[in-house]
Amino acid sequence: MAQISADGKSLQVLTQTADMLTEAPLRYVVVTSRLGALRRKLEFPSGSVFETSDNDAVDAMMKGDSFFLHRLEKSWRLVVMSLLLIALGAAGFAVYGVPLSAHWLALRTPQSLSKLVTDQSLAALDHHVLLPTTLPLARQQEIFARFRTVAGWENHGGSGYQLLLRNAPHIGPNAFALPDGRIVMTDQLVAMAGNDVEIDAVFAHEMSHVNHAHGMQRIYQASLVPAAIAFITGDASQVAQFAAVLPGILLQSAYSRGFEQQADDDAATLLRLHDEDPGHLADLLERMERKSCGKSGCGPSWLGSHPATVERAARLRRAPAP
(Lines give C-alpha, C1' and ligand atoms only; values in the text may rest on other atoms or scores of the structure.)
Protein backbone atom coordinates (compact mmCIF):
# COMPACT_ATOMS: atom_id res chain seq x y z
CA MET A 1 0.00 0.00 0.00
CA ALA A 2 1.47 3.33 -1.07
CA GLN A 3 1.76 6.37 1.14
CA ILE A 4 2.61 10.03 0.67
CA SER A 5 5.37 12.01 2.27
CA ALA A 6 6.38 15.68 2.07
CA ASP A 7 9.30 17.71 3.34
CA GLY A 8 7.83 21.14 2.70
CA LYS A 9 9.28 21.46 -0.79
CA SER A 10 8.61 18.18 -2.56
CA LEU A 11 5.95 15.49 -2.42
CA GLN A 12 6.76 11.79 -2.73
CA VAL A 13 4.62 8.69 -3.11
CA LEU A 14 6.32 5.73 -1.42
CA THR A 15 5.65 2.02 -1.17
CA GLN A 16 5.40 0.32 2.20
CA THR A 17 9.09 -0.55 1.83
CA ALA A 18 9.92 3.15 1.26
CA ASP A 19 10.59 2.70 -2.44
CA MET A 20 9.96 5.87 -4.44
CA LEU A 21 7.04 5.64 -6.89
CA THR A 22 6.96 9.30 -7.98
CA GLU A 23 8.13 12.67 -6.79
CA ALA A 24 7.54 16.32 -7.71
CA PRO A 25 7.93 19.81 -6.25
CA LEU A 26 4.97 20.45 -3.99
CA ARG A 27 3.91 23.58 -5.85
CA TYR A 28 3.45 21.60 -9.09
CA VAL A 29 1.17 18.96 -7.60
CA VAL A 30 -2.54 19.56 -8.26
CA VAL A 31 -4.70 18.47 -5.33
CA THR A 32 -8.49 18.20 -5.53
CA SER A 33 -10.54 20.06 -2.94
CA ARG A 34 -11.71 18.30 0.18
CA LEU A 35 -15.35 17.24 -0.02
CA GLY A 36 -16.64 15.18 2.87
CA ALA A 37 -14.98 11.78 3.00
CA LEU A 38 -14.37 11.47 -0.73
CA ARG A 39 -10.92 10.33 -1.77
CA ARG A 40 -8.52 13.04 -2.81
CA LYS A 41 -6.58 13.02 -6.05
CA LEU A 42 -3.02 14.21 -6.36
CA GLU A 43 -1.98 14.87 -9.97
CA PHE A 44 1.75 14.97 -10.69
CA PRO A 45 3.46 16.82 -13.57
CA SER A 46 4.48 13.44 -15.03
CA GLY A 47 0.81 12.60 -15.52
CA SER A 48 0.63 10.04 -12.71
CA VAL A 49 -2.29 10.29 -10.29
CA PHE A 50 -2.39 9.17 -6.67
CA GLU A 51 -5.62 8.73 -4.70
CA THR A 52 -5.92 8.67 -0.93
CA SER A 53 -8.61 8.80 1.72
CA ASP A 54 -6.21 10.30 4.28
CA ASN A 55 -7.59 13.83 3.89
CA ASP A 56 -6.03 15.10 7.09
CA ALA A 57 -2.54 14.14 5.93
CA VAL A 58 -3.11 15.87 2.59
CA ASP A 59 -4.36 19.01 4.33
CA ALA A 60 -1.36 19.02 6.61
CA MET A 61 1.01 18.83 3.65
CA MET A 62 -0.89 21.58 1.82
CA LYS A 63 -0.52 23.85 4.89
CA GLY A 64 -4.12 23.45 5.96
CA ASP A 65 -5.79 25.57 3.23
CA SER A 66 -8.19 22.85 2.10
CA PHE A 67 -8.88 21.85 5.69
CA PHE A 68 -9.96 25.38 6.52
CA LEU A 69 -12.30 25.47 3.54
CA HIS A 70 -13.66 22.09 4.54
CA ARG A 71 -14.44 23.41 8.01
CA LEU A 72 -16.24 26.37 6.49
CA GLU A 73 -18.30 24.12 4.24
CA LYS A 74 -19.32 21.89 7.17
CA SER A 75 -20.41 24.72 9.48
CA TRP A 76 -24.07 25.59 8.88
CA ARG A 77 -23.66 28.68 11.04
CA LEU A 78 -20.90 29.98 8.82
CA VAL A 79 -22.93 29.10 5.72
CA VAL A 80 -25.98 31.00 7.04
CA MET A 81 -23.80 33.93 8.07
CA SER A 82 -22.19 33.98 4.63
CA LEU A 83 -25.60 33.98 2.92
CA LEU A 84 -26.78 36.83 5.13
CA LEU A 85 -23.65 38.84 4.37
CA ILE A 86 -24.14 38.23 0.65
CA ALA A 87 -27.79 39.28 0.88
CA LEU A 88 -26.92 42.41 2.84
CA GLY A 89 -24.15 43.24 0.40
CA ALA A 90 -26.47 42.80 -2.59
CA ALA A 91 -29.16 44.94 -0.96
CA GLY A 92 -26.64 47.62 -0.07
CA PHE A 93 -25.33 47.68 -3.62
CA ALA A 94 -28.86 47.92 -5.02
CA VAL A 95 -29.85 50.75 -2.68
CA TYR A 96 -26.62 52.73 -2.64
CA GLY A 97 -24.12 51.28 -5.10
CA VAL A 98 -26.30 51.27 -8.22
CA PRO A 99 -27.50 54.91 -7.89
CA LEU A 100 -23.99 56.14 -7.09
CA SER A 101 -22.51 54.17 -9.98
CA ALA A 102 -25.26 55.38 -12.32
CA HIS A 103 -24.65 58.98 -11.30
CA TRP A 104 -20.89 58.66 -11.82
CA LEU A 105 -21.34 57.04 -15.23
CA ALA A 106 -24.05 59.47 -16.40
CA LEU A 107 -21.96 62.56 -15.69
CA ARG A 108 -19.03 61.04 -17.60
CA THR A 109 -20.93 59.68 -20.58
CA PRO A 110 -19.54 61.10 -23.83
CA GLN A 111 -21.92 63.35 -25.75
CA SER A 112 -21.57 61.05 -28.74
CA LEU A 113 -23.04 58.17 -26.73
CA SER A 114 -25.86 60.36 -25.39
CA LYS A 115 -26.70 61.35 -28.95
CA LEU A 116 -26.68 57.73 -30.11
CA VAL A 117 -29.03 56.70 -27.30
CA THR A 118 -31.30 59.67 -28.08
CA ASP A 119 -31.38 58.89 -31.81
CA GLN A 120 -32.39 55.28 -31.22
CA SER A 121 -34.95 56.11 -28.54
CA LEU A 122 -36.55 58.91 -30.55
CA ALA A 123 -36.72 56.73 -33.64
CA ALA A 124 -38.62 54.09 -31.65
CA LEU A 125 -40.99 56.68 -30.18
CA ASP A 126 -41.67 58.33 -33.55
CA HIS A 127 -42.32 54.96 -35.12
CA HIS A 128 -44.68 53.56 -32.49
CA VAL A 129 -46.14 56.40 -30.39
CA LEU A 130 -45.52 59.95 -31.58
CA LEU A 131 -46.93 61.74 -34.63
CA PRO A 132 -46.01 65.04 -36.31
CA THR A 133 -47.37 68.08 -34.51
CA THR A 134 -50.72 69.49 -35.63
CA LEU A 135 -50.29 72.86 -33.91
CA PRO A 136 -50.81 75.89 -36.18
CA LEU A 137 -47.56 77.30 -37.49
CA ALA A 138 -48.03 80.60 -35.67
CA ARG A 139 -48.49 78.76 -32.36
CA GLN A 140 -45.41 76.65 -33.03
CA GLN A 141 -43.37 79.78 -33.62
CA GLU A 142 -44.58 81.30 -30.34
CA ILE A 143 -43.63 78.17 -28.42
CA PHE A 144 -40.21 77.91 -30.05
CA ALA A 145 -39.56 81.57 -29.19
CA ARG A 146 -40.42 80.94 -25.53
CA PHE A 147 -38.23 77.85 -25.52
CA ARG A 148 -35.26 79.86 -26.79
CA THR A 149 -35.87 82.45 -24.08
CA VAL A 150 -35.93 79.89 -21.25
CA ALA A 151 -32.92 78.07 -22.72
CA GLY A 152 -31.05 81.39 -22.67
CA TRP A 153 -31.66 81.64 -18.93
CA GLU A 154 -29.80 78.38 -18.35
CA ASN A 155 -26.06 78.26 -17.74
CA HIS A 156 -25.72 75.80 -20.62
CA GLY A 157 -27.05 78.38 -23.06
CA GLY A 158 -29.62 77.96 -25.78
CA SER A 159 -27.42 75.67 -27.85
CA GLY A 160 -27.59 72.95 -25.22
CA TYR A 161 -31.26 72.15 -25.85
CA GLN A 162 -33.57 71.52 -28.79
CA LEU A 163 -37.38 71.48 -28.71
CA LEU A 164 -39.37 68.87 -30.64
CA LEU A 165 -43.16 69.20 -30.88
CA ARG A 166 -45.14 66.01 -31.37
CA ASN A 167 -48.78 64.97 -31.45
CA ALA A 168 -49.48 62.11 -29.03
CA PRO A 169 -53.21 61.26 -28.98
CA HIS A 170 -52.59 57.91 -27.32
CA ILE A 171 -50.54 59.18 -24.36
CA GLY A 172 -51.95 62.66 -23.88
CA PRO A 173 -50.22 65.59 -22.13
CA ASN A 174 -46.53 64.84 -21.80
CA ALA A 175 -43.06 66.33 -21.99
CA PHE A 176 -39.73 64.63 -21.54
CA ALA A 177 -36.04 65.29 -21.90
CA LEU A 178 -33.75 63.06 -23.93
CA PRO A 179 -30.11 62.54 -22.88
CA ASP A 180 -28.49 64.78 -25.50
CA GLY A 181 -30.65 67.85 -24.73
CA ARG A 182 -33.59 67.27 -27.07
CA ILE A 183 -36.89 67.95 -25.29
CA VAL A 184 -40.20 66.62 -26.57
CA MET A 185 -43.50 68.36 -25.77
CA THR A 186 -46.83 67.02 -26.96
CA ASP A 187 -49.63 69.05 -28.53
CA GLN A 188 -51.87 67.78 -25.76
CA LEU A 189 -49.71 69.40 -23.07
CA VAL A 190 -49.67 72.69 -24.97
CA ALA A 191 -53.47 72.59 -25.17
CA MET A 192 -53.79 71.88 -21.43
CA ALA A 193 -51.54 74.77 -20.40
CA GLY A 194 -53.55 77.68 -19.04
CA ASN A 195 -50.92 80.26 -20.06
CA ASP A 196 -47.47 80.46 -21.56
CA VAL A 197 -45.75 80.82 -18.18
CA GLU A 198 -46.87 77.25 -17.45
CA ILE A 199 -45.14 76.18 -20.66
CA ASP A 200 -42.00 78.08 -19.58
CA ALA A 201 -42.10 76.15 -16.31
CA VAL A 202 -42.27 72.81 -18.14
CA PHE A 203 -39.27 73.83 -20.24
CA ALA A 204 -37.29 74.77 -17.12
CA HIS A 205 -38.22 71.47 -15.45
CA GLU A 206 -37.12 69.38 -18.44
CA MET A 207 -33.92 71.35 -18.93
CA SER A 208 -33.01 70.48 -15.33
CA HIS A 209 -33.37 66.79 -16.20
CA VAL A 210 -30.90 67.37 -19.04
CA ASN A 211 -28.48 69.32 -16.83
CA HIS A 212 -28.31 66.54 -14.25
CA ALA A 213 -28.25 63.71 -16.82
CA HIS A 214 -31.29 62.14 -15.14
CA GLY A 215 -32.22 60.23 -18.29
CA MET A 216 -28.83 58.54 -18.52
CA GLN A 217 -28.88 57.84 -14.79
CA ARG A 218 -32.20 56.01 -15.14
CA ILE A 219 -30.84 54.02 -18.08
CA TYR A 220 -27.74 53.02 -16.14
CA GLN A 221 -29.84 52.08 -13.12
CA ALA A 222 -32.11 49.93 -15.27
CA SER A 223 -29.32 48.20 -17.15
CA LEU A 224 -26.12 48.90 -15.26
CA VAL A 225 -24.05 45.97 -16.52
CA PRO A 226 -24.39 46.43 -20.32
CA ALA A 227 -24.24 50.19 -19.89
CA ALA A 228 -21.02 50.00 -17.89
CA ILE A 229 -19.51 47.70 -20.51
CA ALA A 230 -20.38 50.22 -23.23
CA PHE A 231 -18.89 53.08 -21.20
CA ILE A 232 -15.66 51.27 -20.33
CA THR A 233 -15.02 49.52 -23.65
CA GLY A 234 -16.66 51.98 -26.03
CA ASP A 235 -18.56 49.05 -27.54
CA ALA A 236 -21.52 50.71 -29.27
CA SER A 237 -23.19 47.33 -29.80
CA GLN A 238 -24.14 47.44 -26.11
CA VAL A 239 -26.14 50.63 -26.67
CA ALA A 240 -29.04 48.78 -28.26
CA GLN A 241 -29.50 46.76 -25.08
CA PHE A 242 -30.14 49.78 -22.90
CA ALA A 243 -31.41 52.35 -25.41
CA ALA A 244 -34.56 50.22 -25.58
CA VAL A 245 -35.12 50.97 -21.88
CA LEU A 246 -35.40 54.74 -22.34
CA PRO A 247 -38.75 55.08 -24.19
CA GLY A 248 -40.59 53.31 -21.40
CA ILE A 249 -38.86 55.44 -18.77
CA LEU A 250 -39.77 58.64 -20.63
CA LEU A 251 -43.39 57.78 -21.31
CA GLN A 252 -43.97 56.62 -17.75
CA SER A 253 -42.11 59.65 -16.35
CA ALA A 254 -40.38 57.04 -14.23
CA TYR A 255 -37.91 59.35 -12.56
CA SER A 256 -37.19 58.86 -8.89
CA ARG A 257 -38.66 61.15 -6.23
CA GLY A 258 -35.28 62.79 -5.87
CA PHE A 259 -34.92 63.49 -9.59
CA GLU A 260 -38.40 65.04 -9.88
CA GLN A 261 -37.88 67.14 -6.78
CA GLN A 262 -34.52 68.36 -8.06
CA ALA A 263 -36.05 69.32 -11.43
CA ASP A 264 -38.97 71.09 -9.73
CA ASP A 265 -36.61 72.99 -7.41
CA ASP A 266 -34.34 74.03 -10.27
CA ALA A 267 -37.34 75.17 -12.31
CA ALA A 268 -38.70 77.18 -9.38
CA THR A 269 -35.34 78.90 -8.85
CA LEU A 270 -34.96 79.73 -12.54
CA LEU A 271 -38.50 81.07 -12.84
CA ARG A 272 -38.17 83.29 -9.76
CA LEU A 273 -34.86 84.67 -11.05
CA HIS A 274 -36.75 85.90 -14.10
CA ASP A 275 -39.83 87.18 -12.31
CA GLU A 276 -42.05 84.23 -13.13
CA ASP A 277 -44.08 82.44 -10.47
CA PRO A 278 -43.36 78.68 -10.06
CA GLY A 279 -46.91 78.41 -8.76
CA HIS A 280 -47.91 78.29 -12.43
CA LEU A 281 -46.22 74.89 -12.69
CA ALA A 282 -48.19 73.78 -9.63
CA ASP A 283 -51.40 74.97 -11.34
CA LEU A 284 -50.60 72.92 -14.43
CA LEU A 285 -49.83 69.80 -12.40
CA GLU A 286 -53.12 70.09 -10.51
CA ARG A 287 -55.10 70.71 -13.69
CA MET A 288 -53.58 67.64 -15.29
CA GLU A 289 -54.40 65.66 -12.17
CA ARG A 290 -58.05 66.68 -12.36
CA LYS A 291 -58.54 66.35 -16.12
CA SER A 292 -56.28 63.45 -17.04
CA CYS A 293 -56.33 60.99 -14.20
CA GLY A 294 -59.92 60.35 -13.32
CA LYS A 295 -60.92 57.78 -10.74
CA SER A 296 -58.47 55.14 -11.97
CA GLY A 297 -55.43 57.32 -11.31
CA CYS A 298 -52.83 58.63 -13.70
CA GLY A 299 -51.35 56.42 -16.38
CA PRO A 300 -48.33 57.42 -18.43
CA SER A 301 -48.14 61.22 -18.42
CA TRP A 302 -45.95 64.12 -17.48
CA LEU A 303 -47.34 63.90 -13.94
CA GLY A 304 -45.46 60.67 -13.31
CA SER A 305 -46.04 59.05 -9.95
CA HIS A 306 -43.22 60.18 -7.61
CA PRO A 307 -43.63 62.41 -5.76
CA ALA A 308 -47.41 62.89 -5.53
CA THR A 309 -48.86 65.88 -7.34
CA VAL A 310 -50.16 67.48 -4.15
CA GLU A 311 -46.66 67.37 -2.63
CA ARG A 312 -45.03 68.77 -5.74
CA ALA A 313 -47.56 71.62 -6.01
CA ALA A 314 -47.15 72.60 -2.37
CA ARG A 315 -43.36 72.60 -2.62
CA LEU A 316 -43.43 74.72 -5.79
CA ARG A 317 -45.67 77.33 -4.17
CA ARG A 318 -43.38 77.47 -1.12
CA ALA A 319 -40.26 77.98 -3.24
CA PRO A 320 -38.47 81.06 -1.86
CA ALA A 321 -37.22 83.90 -3.97
CA PRO A 322 -33.49 83.49 -4.82
# chains A, B, ... in the order shown; residues from 1 in each chain; ligands from 1
$ select_by_dssp --residues "segment 96-296 of chain A" --states "helix (DSSP H, G or I)" --output "PyMOL selection string"
chain A and resi 96-107+111-128+137-153+158-160+187-192+196-211+214-222+224-233+236-243+246-251+257-273+279-293
$ closest_residue --among "A:Ala268, A:Leu284, A:Ala204, A:Ala308" --to "Ala321 of chain A" --atoms "only C-alpha atoms"
A:Ala268
$ residues_around --residues "Ala175 of chain A" --least-positions-apart "4" --cutoff "8 Å" --atoms "only C-alpha atoms" --output "PyMOL selection string"
chain A and resi 183-186+189+202+206+302
$ closest_residue --among "A:Ile4, A:His212, A:Pro179, A:Glu260" --to "Met20 of chain A" --atoms "only C-alpha atoms"
A:Ile4
$ residues_around --residues "Asn195 of chain A" --least-positions-apart "5" --cutoff "10 Å" --atoms "only C-alpha atoms" --output "count of residues only"
4
$ residues_around --residues "Ala213 of chain A" --least-positions-apart "4" --cutoff "10 Å" --atoms "only C-alpha atoms" --output "list in words"
Ala102, His103, Leu105, Ala106, Leu107, Arg108, Thr109, Ser114, Ala177, Leu178, Pro179, Asp180, Gly181, Met207, Ser208, His209, Gln217, Arg218 and Phe259 of chain A
$ residues_around --residues "Gly47 of chain A" --least-positions-apart "3" --cutoff "12 Å" --atoms "only C-alpha atoms" --output "list in words"
Thr22, Glu23, Ala24, Tyr28, Val29, Val30, Leu42, Glu43, Phe44 and Phe50 of chain A
$ write_last_selection --atoms "N, CA and C atoms" --output "mmCIF file, in the first residue's frame"
data_model
loop_
_atom_site.group_PDB
_atom_site.id
_atom_site.type_symbol
_atom_site.label_atom_id
_atom_site.label_comp_id
_atom_site.auth_asym_id
_atom_site.auth_seq_id
_atom_site.Cartn_x
_atom_site.Cartn_y
_atom_site.Cartn_z
ATOM 1 N N THR A 22 6.901 8.050 -7.200
ATOM 2 C CA THR A 22 6.959 9.298 -7.981
ATOM 3 C C THR A 22 7.251 10.441 -7.033
ATOM 4 N N GLU A 23 7.765 11.510 -7.596
ATOM 5 C CA GLU A 23 8.132 12.672 -6.785
ATOM 6 C C GLU A 23 8.010 13.919 -7.645
ATOM 7 N N ALA A 24 7.641 15.039 -6.997
ATOM 8 C CA ALA A 24 7.538 16.320 -7.712
ATOM 9 C C ALA A 24 7.570 17.454 -6.699
ATOM 10 N N TYR A 28 3.915 22.068 -7.775
ATOM 11 C CA TYR A 28 3.448 21.600 -9.085
ATOM 12 C C TYR A 28 2.416 20.491 -8.980
ATOM 13 N N VAL A 29 2.136 20.041 -7.780
ATOM 14 C CA VAL A 29 1.167 18.955 -7.600
ATOM 15 C C VAL A 29 -0.235 19.558 -7.459
ATOM 16 N N VAL A 30 -1.151 19.070 -8.297
ATOM 17 C CA VAL A 30 -2.540 19.561 -8.260
ATOM 18 C C VAL A 30 -3.344 18.641 -7.348
ATOM 19 N N LEU A 42 -4.222 13.420 -6.227
ATOM 20 C CA LEU A 42 -3.017 14.207 -6.359
ATOM 21 C C LEU A 42 -2.459 13.953 -7.756
ATOM 22 N N GLU A 43 -2.435 14.993 -8.573
ATOM 23 C CA GLU A 43 -1.977 14.865 -9.967
ATOM 24 C C GLU A 43 -0.572 15.436 -10.080
ATOM 25 N N PHE A 44 0.349 14.594 -10.577
ATOM 26 C CA PHE A 44 1.755 14.973 -10.693
ATOM 27 C C PHE A 44 2.064 15.460 -12.101
ATOM 28 N N PHE A 50 -2.335 9.959 -7.898
ATOM 29 C CA PHE A 50 -2.388 9.168 -6.672
ATOM 30 C C PHE A 50 -3.652 9.541 -5.908
#
$ closest_residue --among "A:Glu276, A:Arg146, A:Val58, A:Ala263" --to "Arg315 of chain A" --atoms "only C-alpha atoms"
A:Ala263
$ closest_residue --among "A:Arg312, A:Lys291, A:His170, A:Arg318" --to "Gln262 of chain A" --atoms "only C-alpha atoms"
A:Arg312
